[in-house]
Structures are given as structure tokens and as C-alpha cells.
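So the structure is just underneath, and the comments pick up after that.
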Amino acid sequence: MNYRTIRNIKNQFFMMTVIMSAVLVLLPLFLIIKFVFTQGMSSLNFSFFTEIPKPVGESGGGMKHAIFGTMYVVFLGALLAVPIGITCGVYLSEFRKSKLSKTLKLTIDLMSGIPSIVIGIFAYLVVVIPMKSFSALAGGVALSIIMLPIIIKTSEEILKLVPDHLREAGLALGLPRWKVILFIIVKGNLSNLLTGIILAISRASGETAPLLFTAFGNMYMSYEFNKPMATLPVQIYTYAISPFKDWQRQAWAGAFVLMILILSMNLFARYVFLKIKDKKGN
């Protein structure tokens with residue numbers, strides 16, 4: 001065999017290896033989606049979205065309270081994490097040579113590696129014990145800590161892509177540096193920053209362990225931030241380990257709804273990112 005034939009064989013072998021690796025990575029995801037879809041779709045009904053749980057022993061009811069609670073707690077978490085996360089991302093991007101920047105980067109790397117259950121225990125000690133009650137606020141604090149590293153890292157990387165000549169042009173016009181950062185760098189990349197925020201929210205929405213120590217759960221509708229509140233992950237966990245067939249059925253329905261919610265947010269973030277990329281390319 002000549003050199004060209006050997007090179008083609010190596011190239012084909014490498015391509016097949018890459019394709020097989022990609023299939024092996026995607027296969028578990030598709031199997032999980034298929035299994036949850038099969039179990040969850042057969043358990044979904046209209047009352048699942050419009051009713052709260054029935055008393056123990058009675059069939060029927062739904063997870064309206066948990067769906068609302070998830071949105072409520074995630075909103076509180078985002079309300080706490082987004083301003084801090086974007087501000088830290090801006091600092092790391094615009095003042096990357098400072099001593100504090102290096103310390104902040106190390107802290108963020110450590111935070112992203114902390115198990116979520118440890119974050120839940122921390123929120124329990126800092127919020128639940130002083131308040132003497134489980135609460136939606138404590139759940140929001142726990143989720144905000146989970147969101148922070150993702151928002152900070154994505155914000156930093158996005159703002160680093162802004163060309164330096166834009167900063168220099170703003171400063172050359174006599175604008176203060178804070179105005180250049182706020183109105184040129186940040187305002188011009190709000191759509192990009194939104195992508196990182198959505199990814200952080202979708203990451204936190206499926207967490208169960210931190211909410212067991214903070215929001216705890218509630219079998220009724222609750223609108224107060226200082227009271228225990230039901231969330232989908234905790235409700236799914238509670239129903240899944242119960243001995244009642246109807247609760248187990250609803251757990252699959254809740255898992256399906258939560259999976260669709262998280263997948264939708266990730267796909268939406270990807271869609272926004274691609275649209276922005278296309279606009280910049282044109």
C-alpha cells in the first residue's frame with residue numbers, strides 16, 4: 001500500500017472512532033429521555049397542572065403547587081445571583097490583571113466544584129436556623145449559590161470577546177470608564193449574557209438536595225417567601241419513594257415536566273446564542 005492509501009485508512013479509522021464516541025455519549029441521554037417520556041406521558045393529565053395533592057390514600061390530584069413553587073424559588077435565586085454574577089463577570093473581564101481578580105477566579109473554581117448538598121447545608125445554617133423555619137427564601141439562596149459560578153464564568157468569557165478598540169473608542173470620546181463598561185460593553189452584549197443566565201437557571205432548576213434542607217416542601221399552595229414551599233424536584237423525590245402507586249405515577253409525570261422544562265431552557269439558550277452568532281457573522 002502506498003502512503004496515500006495508508007493515510008486514508010487512518011483518517012477513516014479516526015473518523016469512525018470519533019463518531020462512535022459521540023454515539024456512546026448521546027445514547028444514555030436518548031435512553032433517559034425515551035424512558036421518562038414513556039413513563040411520564042402516560043401519567044400526565046389536566047388535573048396534574050391544575051390541582052394540589054389529594055390526601056394520603058386518595059387517588060388523583062396534581063402538582064400545581066410544586067410547579068409554581070419551582071418557578072418562585074428559581075426566580076428568587078436568579079434575583080439574587082444575576083446582579084452579583086454579572087458584576088463579578090464584568091470585574092474579571094475588565095480588571096483581569098488585578099490581584100483580587102486572581103483570588104476571585106480561584107474562589108469561583110472552588111464554588112463550581114462544591115457538591116449541591118453541601119450548599120444546601122450551608123443555606124440551612126445561614127438562613128433556615130436564624131429564621132427558625134424552612135422557607136422559599138432559603139431555597140432561593142441555595143440555588144443562587146449554584147447559579148453564581150455559571151453566570152460569572154459565562155459573563156467573563158462573553159465580555160472578553162468584545163474587541164479592545166471599542167473600549168478605547170469610548171475612552172477616547174471622554175467617557176468615564178464605568179460608562180464605557182455599562183453602556184458599551186454590557187449593554188451591547190445583553191443578549192449574549194442572557195444565554196449564560198438561562199443556562200445557570202436550567203442547571204439550578206433540577207436540584208433536589210439543596211431544597212430538602214431549605215424550601216423543604218409543602219402539600220399546599222404557598223405564596224409566602226418565608227414559609228416552606230413545594231418544588232418539583234423535592235415533590236418528585238417524595239412521591240418516588242412512597243409506597244403508593246398513584247404517587248409513583250405522578251412522580252414520573254413530574255420528572256417528565258421538569259425534564260421538558262430544563263431541555264427547553266437549554267435549547268432556547270442555544271437558539272439565542274446561534275442567532276447572535278449569525279448576526280455577527282453577517
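Residues are named by chain letter and number: chains run A, B, ... in the order of the C-alpha cells, numbers start at 1 in each chain, and ligands are numbered from 1 in the order shown.
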Contact residues around range 137-153 of chain A with only C-alpha atoms at 6 Å, ignoring same-chain residues under 3 positions, as an MDAnalysis selection string: chainID A and resid 73 76:77 81 85:86 88:89 108 112 120 123 127 156 196:197 200 204 211 214:215 225
Near-Lys54 in chain A list (12 Å; only C-alpha atoms; drop same-chain fewer than 3 positions) as a PyMOL selection string: chain A and resi 47-48+51+57-65+219-220+246-247+250
For the residues in the current selection, export N, CA and C atoms as a PDB file, in the first residue's frame.
```pdb
ATOM      1  N   SER A  47     -55.552  17.516  35.385  1.00  0.00           N
ATOM      2  CA  SER A  47     -55.568  17.811  36.825  1.00  0.00           C
ATOM      3  C   SER A  47     -54.155  17.911  37.406  1.00  0.00           C
ATOM      4  N   PHE A  48     -53.175  17.299  36.722  1.00  0.00           N
ATOM      5  CA  PHE A  48     -51.792  17.381  37.193  1.00  0.00           C
ATOM      6  C   PHE A  48     -51.329  18.836  37.268  1.00  0.00           C
ATOM      7  N   GLU A  51     -54.413  21.005  39.978  1.00  0.00           N
ATOM      8  CA  GLU A  51     -54.814  20.616  41.328  1.00  0.00           C
ATOM      9  C   GLU A  51     -53.598  20.405  42.228  1.00  0.00           C
ATOM     10  N   GLY A  57     -53.919   8.258  50.470  1.00  0.00           N
ATOM     11  CA  GLY A  57     -54.894   7.188  50.286  1.00  0.00           C
ATOM     12  C   GLY A  57     -55.884   7.464  49.185  1.00  0.00           C
ATOM     13  N   GLU A  58     -56.053   8.744  48.812  1.00  0.00           N
ATOM     14  CA  GLU A  58     -56.966   9.108  47.731  1.00  0.00           C
ATOM     15  C   GLU A  58     -56.176   9.264  46.432  1.00  0.00           C
ATOM     16  N   SER A  59     -56.737   8.800  45.341  1.00  0.00           N
ATOM     17  CA  SER A  59     -56.082   8.930  44.041  1.00  0.00           C
ATOM     18  C   SER A  59     -56.429  10.270  43.406  1.00  0.00           C
ATOM     19  N   GLY A  60     -55.638  10.662  42.431  1.00  0.00           N
ATOM     20  CA  GLY A  60     -55.875  11.938  41.748  1.00  0.00           C
ATOM     21  C   GLY A  60     -55.005  13.044  42.311  1.00  0.00           C
ATOM     22  N   GLY A  61     -55.396  14.264  42.031  1.00  0.00           N
ATOM     23  CA  GLY A  61     -54.603  15.416  42.448  1.00  0.00           C
ATOM     24  C   GLY A  61     -53.510  15.730  41.454  1.00  0.00           C
ATOM     25  N   GLY A  62     -52.711  16.725  41.766  1.00  0.00           N
ATOM     26  CA  GLY A  62     -51.653  17.125  40.846  1.00  0.00           C
ATOM     27  C   GLY A  62     -50.508  17.820  41.543  1.00  0.00           C
ATOM     28  N   MET A  63     -49.705  18.511  40.763  1.00  0.00           N
ATOM     29  CA  MET A  63     -48.518  19.193  41.295  1.00  0.00           C
ATOM     30  C   MET A  63     -48.519  20.681  40.948  1.00  0.00           C
ATOM     31  N   LYS A  64     -49.680  21.274  40.913  1.00  0.00           N
ATOM     32  CA  LYS A  64     -49.747  22.705  40.618  1.00  0.00           C
ATOM     33  C   LYS A  64     -48.895  23.503  41.597  1.00  0.00           C
ATOM     34  N   HIS A  65     -48.970  23.140  42.866  1.00  0.00           N
ATOM     35  CA  HIS A  65     -48.228  23.867  43.898  1.00  0.00           C
ATOM     36  C   HIS A  65     -46.723  23.736  43.699  1.00  0.00           C
ATOM     37  N   MET A 219     -47.447  20.539  51.064  1.00  0.00           N
ATOM     38  CA  MET A 219     -48.504  19.852  50.321  1.00  0.00           C
ATOM     39  C   MET A 219     -49.614  20.801  49.890  1.00  0.00           C
ATOM     40  N   TYR A 220     -49.464  22.086  50.194  1.00  0.00           N
ATOM     41  CA  TYR A 220     -50.484  23.072  49.839  1.00  0.00           C
ATOM     42  C   TYR A 220     -49.846  24.213  49.046  1.00  0.00           C
ATOM     43  N   ASP A 246     -50.225   5.591  42.888  1.00  0.00           N
ATOM     44  CA  ASP A 246     -50.661   6.842  42.258  1.00  0.00           C
ATOM     45  C   ASP A 246     -49.614   7.928  42.424  1.00  0.00           C
ATOM     46  N   TRP A 247     -48.973   7.971  43.582  1.00  0.00           N
ATOM     47  CA  TRP A 247     -47.905   8.958  43.796  1.00  0.00           C
ATOM     48  C   TRP A 247     -46.693   8.650  42.921  1.00  0.00           C
ATOM     49  N   GLN A 250     -47.460   9.885  39.501  1.00  0.00           N
ATOM     50  CA  GLN A 250     -47.311  11.339  39.418  1.00  0.00           C
ATOM     51  C   GLN A 250     -45.841  11.766  39.463  1.00  0.00           C
TER      52      GLN A 250
END
```
For Tyr91 in chain A, the nearest of the candidates A:Ile185, A:Ala22, A:Met71, A:Leu258, counting only C-alpha atoms: A:Ile185
Atomic distance CA of Val82 in chain A - CA of Pro233 in chain A, expressed in Å with one decimal: 22.1 Å
Write down as a tab-separated table (two decimals) with N, CA and C atoms, in the first residue's frame the residues belonging to range 158-249 of chain A that are assigned alpha helix (DSSP H) by DSSP computed on the backbone.
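Final output, selection29.tsv:
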```
chain	number	residue	atom	x	y	z
A	158	ILE	N	-17.85	35.91	27.74
A	158	ILE	CA	-18.56	36.69	26.72
A	158	ILE	C	-17.98	38.09	26.59
A	159	LEU	N	-17.74	38.74	27.72
A	159	LEU	CA	-17.24	40.12	27.69
A	159	LEU	C	-15.78	40.19	27.24
A	160	LYS	N	-15.04	39.10	27.43
A	160	LYS	CA	-13.66	39.06	26.94
A	160	LYS	C	-13.60	39.11	25.42
A	164	ASP	N	-11.01	45.21	22.00
A	164	ASP	CA	-10.46	46.28	22.83
A	164	ASP	C	-10.64	47.66	22.21
A	165	HIS	N	-10.74	47.72	20.87
A	165	HIS	CA	-10.87	49.04	20.24
A	165	HIS	C	-12.19	49.71	20.59
A	166	LEU	N	-13.22	48.93	20.97
A	166	LEU	CA	-14.48	49.54	21.41
A	166	LEU	C	-14.30	50.25	22.74
A	167	ARG	N	-13.55	49.62	23.63
A	167	ARG	CA	-13.26	50.25	24.92
A	167	ARG	C	-12.44	51.52	24.71
A	168	GLU	N	-11.43	51.40	23.86
A	168	GLU	CA	-10.54	52.55	23.59
A	168	GLU	C	-11.30	53.70	22.93
A	169	ALA	N	-12.25	53.37	22.06
A	169	ALA	CA	-13.03	54.41	21.38
A	169	ALA	C	-13.89	55.17	22.39
A	170	GLY	N	-14.51	54.43	23.32
A	170	GLY	CA	-15.33	55.07	24.34
A	170	GLY	C	-14.51	55.98	25.24
A	171	LEU	N	-13.33	55.50	25.65
A	171	LEU	CA	-12.45	56.31	26.49
A	171	LEU	C	-11.92	57.52	25.73
A	172	ALA	N	-11.66	57.35	24.43
A	172	ALA	CA	-11.15	58.46	23.60
A	172	ALA	C	-12.18	59.58	23.46
A	177	ARG	N	-14.76	55.47	32.62
A	177	ARG	CA	-14.63	54.03	32.37
A	177	ARG	C	-15.90	53.27	32.74
A	178	TRP	N	-16.58	53.70	33.83
A	178	TRP	CA	-17.77	52.99	34.26
A	178	TRP	C	-18.88	53.09	33.21
A	179	LYS	N	-18.93	54.24	32.51
A	179	LYS	CA	-19.95	54.39	31.46
A	179	LYS	C	-19.60	53.55	30.24
A	190	LEU	N	-26.10	42.25	26.06
A	190	LEU	CA	-27.15	41.75	26.93
A	190	LEU	C	-27.72	40.41	26.46
A	191	SER	N	-27.88	40.28	25.13
A	191	SER	CA	-28.41	39.02	24.59
A	191	SER	C	-27.46	37.86	24.86
A	192	ASN	N	-26.17	38.12	24.71
A	192	ASN	CA	-25.16	37.08	25.00
A	192	ASN	C	-25.18	36.70	26.47
A	193	LEU	N	-25.29	37.72	27.34
A	193	LEU	CA	-25.32	37.45	28.78
A	193	LEU	C	-26.57	36.67	29.17
A	194	LEU	N	-27.66	36.91	28.44
A	194	LEU	CA	-28.90	36.19	28.71
A	194	LEU	C	-28.72	34.68	28.52
A	195	THR	N	-27.89	34.30	27.56
A	195	THR	CA	-27.63	32.88	27.31
A	195	THR	C	-27.03	32.22	28.55
A	196	GLY	N	-26.04	32.85	29.15
A	196	GLY	CA	-25.42	32.31	30.35
A	196	GLY	C	-26.38	32.25	31.53
A	197	ILE	N	-27.25	33.25	31.63
A	197	ILE	CA	-28.24	33.28	32.71
A	197	ILE	C	-29.22	32.13	32.58
A	198	ILE	N	-29.69	31.89	31.36
A	198	ILE	CA	-30.64	30.80	31.11
A	198	ILE	C	-30.00	29.44	31.44
A	199	LEU	N	-28.75	29.27	31.05
A	199	LEU	CA	-28.04	28.01	31.35
A	199	LEU	C	-27.90	27.81	32.86
A	200	ALA	N	-27.62	28.90	33.57
A	200	ALA	CA	-27.49	28.81	35.03
A	200	ALA	C	-28.82	28.46	35.68
A	201	ILE	N	-29.89	29.06	35.20
A	201	ILE	CA	-31.23	28.79	35.74
A	201	ILE	C	-31.63	27.34	35.48
A	202	SER	N	-31.36	26.86	34.26
A	202	SER	CA	-31.71	25.46	33.94
A	202	SER	C	-30.89	24.48	34.77
A	203	ARG	N	-29.65	24.84	35.07
A	203	ARG	CA	-28.79	23.99	35.92
A	203	ARG	C	-29.36	23.90	37.33
A	204	ALA	N	-29.84	25.02	37.86
A	204	ALA	CA	-30.33	25.04	39.24
A	204	ALA	C	-31.74	24.48	39.38
A	205	SER	N	-32.52	24.54	38.29
A	205	SER	CA	-33.93	24.13	38.38
A	205	SER	C	-34.11	22.66	38.73
A	209	ALA	N	-31.23	18.16	46.33
A	209	ALA	CA	-30.58	18.11	47.65
A	209	ALA	C	-30.61	19.45	48.40
A	210	PRO	N	-30.26	20.59	47.75
A	210	PRO	CA	-30.28	21.84	48.49
A	210	PRO	C	-31.68	22.23	48.98
A	211	LEU	N	-32.70	21.86	48.21
A	211	LEU	CA	-34.08	22.25	48.56
A	211	LEU	C	-34.63	21.40	49.70
A	212	LEU	N	-34.08	20.21	49.89
A	212	LEU	CA	-34.51	19.38	51.02
A	212	LEU	C	-34.15	20.03	52.35
A	232	LEU	N	-40.78	21.06	42.35
A	232	LEU	CA	-40.88	19.83	41.56
A	232	LEU	C	-39.84	18.77	41.93
A	233	PRO	N	-38.55	19.13	42.03
A	233	PRO	CA	-37.56	18.09	42.36
A	233	PRO	C	-37.84	17.39	43.68
A	234	VAL	N	-38.19	18.16	44.71
A	234	VAL	CA	-38.47	17.57	46.03
A	234	VAL	C	-39.76	16.76	46.00
A	235	GLN	N	-40.78	17.28	45.30
A	235	GLN	CA	-42.05	16.57	45.20
A	235	GLN	C	-41.88	15.24	44.46
A	236	ILE	N	-41.07	15.26	43.41
A	236	ILE	CA	-40.78	14.03	42.66
A	236	ILE	C	-40.08	13.01	43.57
A	237	TYR	N	-39.10	13.49	44.33
A	237	TYR	CA	-38.37	12.61	45.25
A	237	TYR	C	-39.32	12.01	46.29
A	238	THR	N	-40.17	12.84	46.86
A	238	THR	CA	-41.11	12.39	47.89
A	238	THR	C	-42.08	11.34	47.34
A	239	TYR	N	-42.60	11.61	46.15
A	239	TYR	CA	-43.56	10.69	45.54
A	239	TYR	C	-42.88	9.40	45.06
A	240	ALA	N	-41.66	9.52	44.57
A	240	ALA	CA	-40.96	8.35	44.01
A	240	ALA	C	-40.65	7.31	45.08
A	245	LYS	N	-48.96	3.68	44.52
A	245	LYS	CA	-48.81	3.61	43.06
A	245	LYS	C	-49.18	4.92	42.39
A	246	ASP	N	-50.22	5.59	42.89
A	246	ASP	CA	-50.66	6.84	42.26
A	246	ASP	C	-49.61	7.93	42.42
A	247	TRP	N	-48.97	7.97	43.58
A	247	TRP	CA	-47.91	8.96	43.80
A	247	TRP	C	-46.69	8.65	42.92
A	248	GLN	N	-46.39	7.37	42.78
A	248	GLN	CA	-45.28	6.99	41.90
A	248	GLN	C	-45.57	7.37	40.45
A	249	ARG	N	-46.82	7.21	40.04
A	249	ARG	CA	-47.23	7.62	38.69
A	249	ARG	C	-47.05	9.12	38.50
```
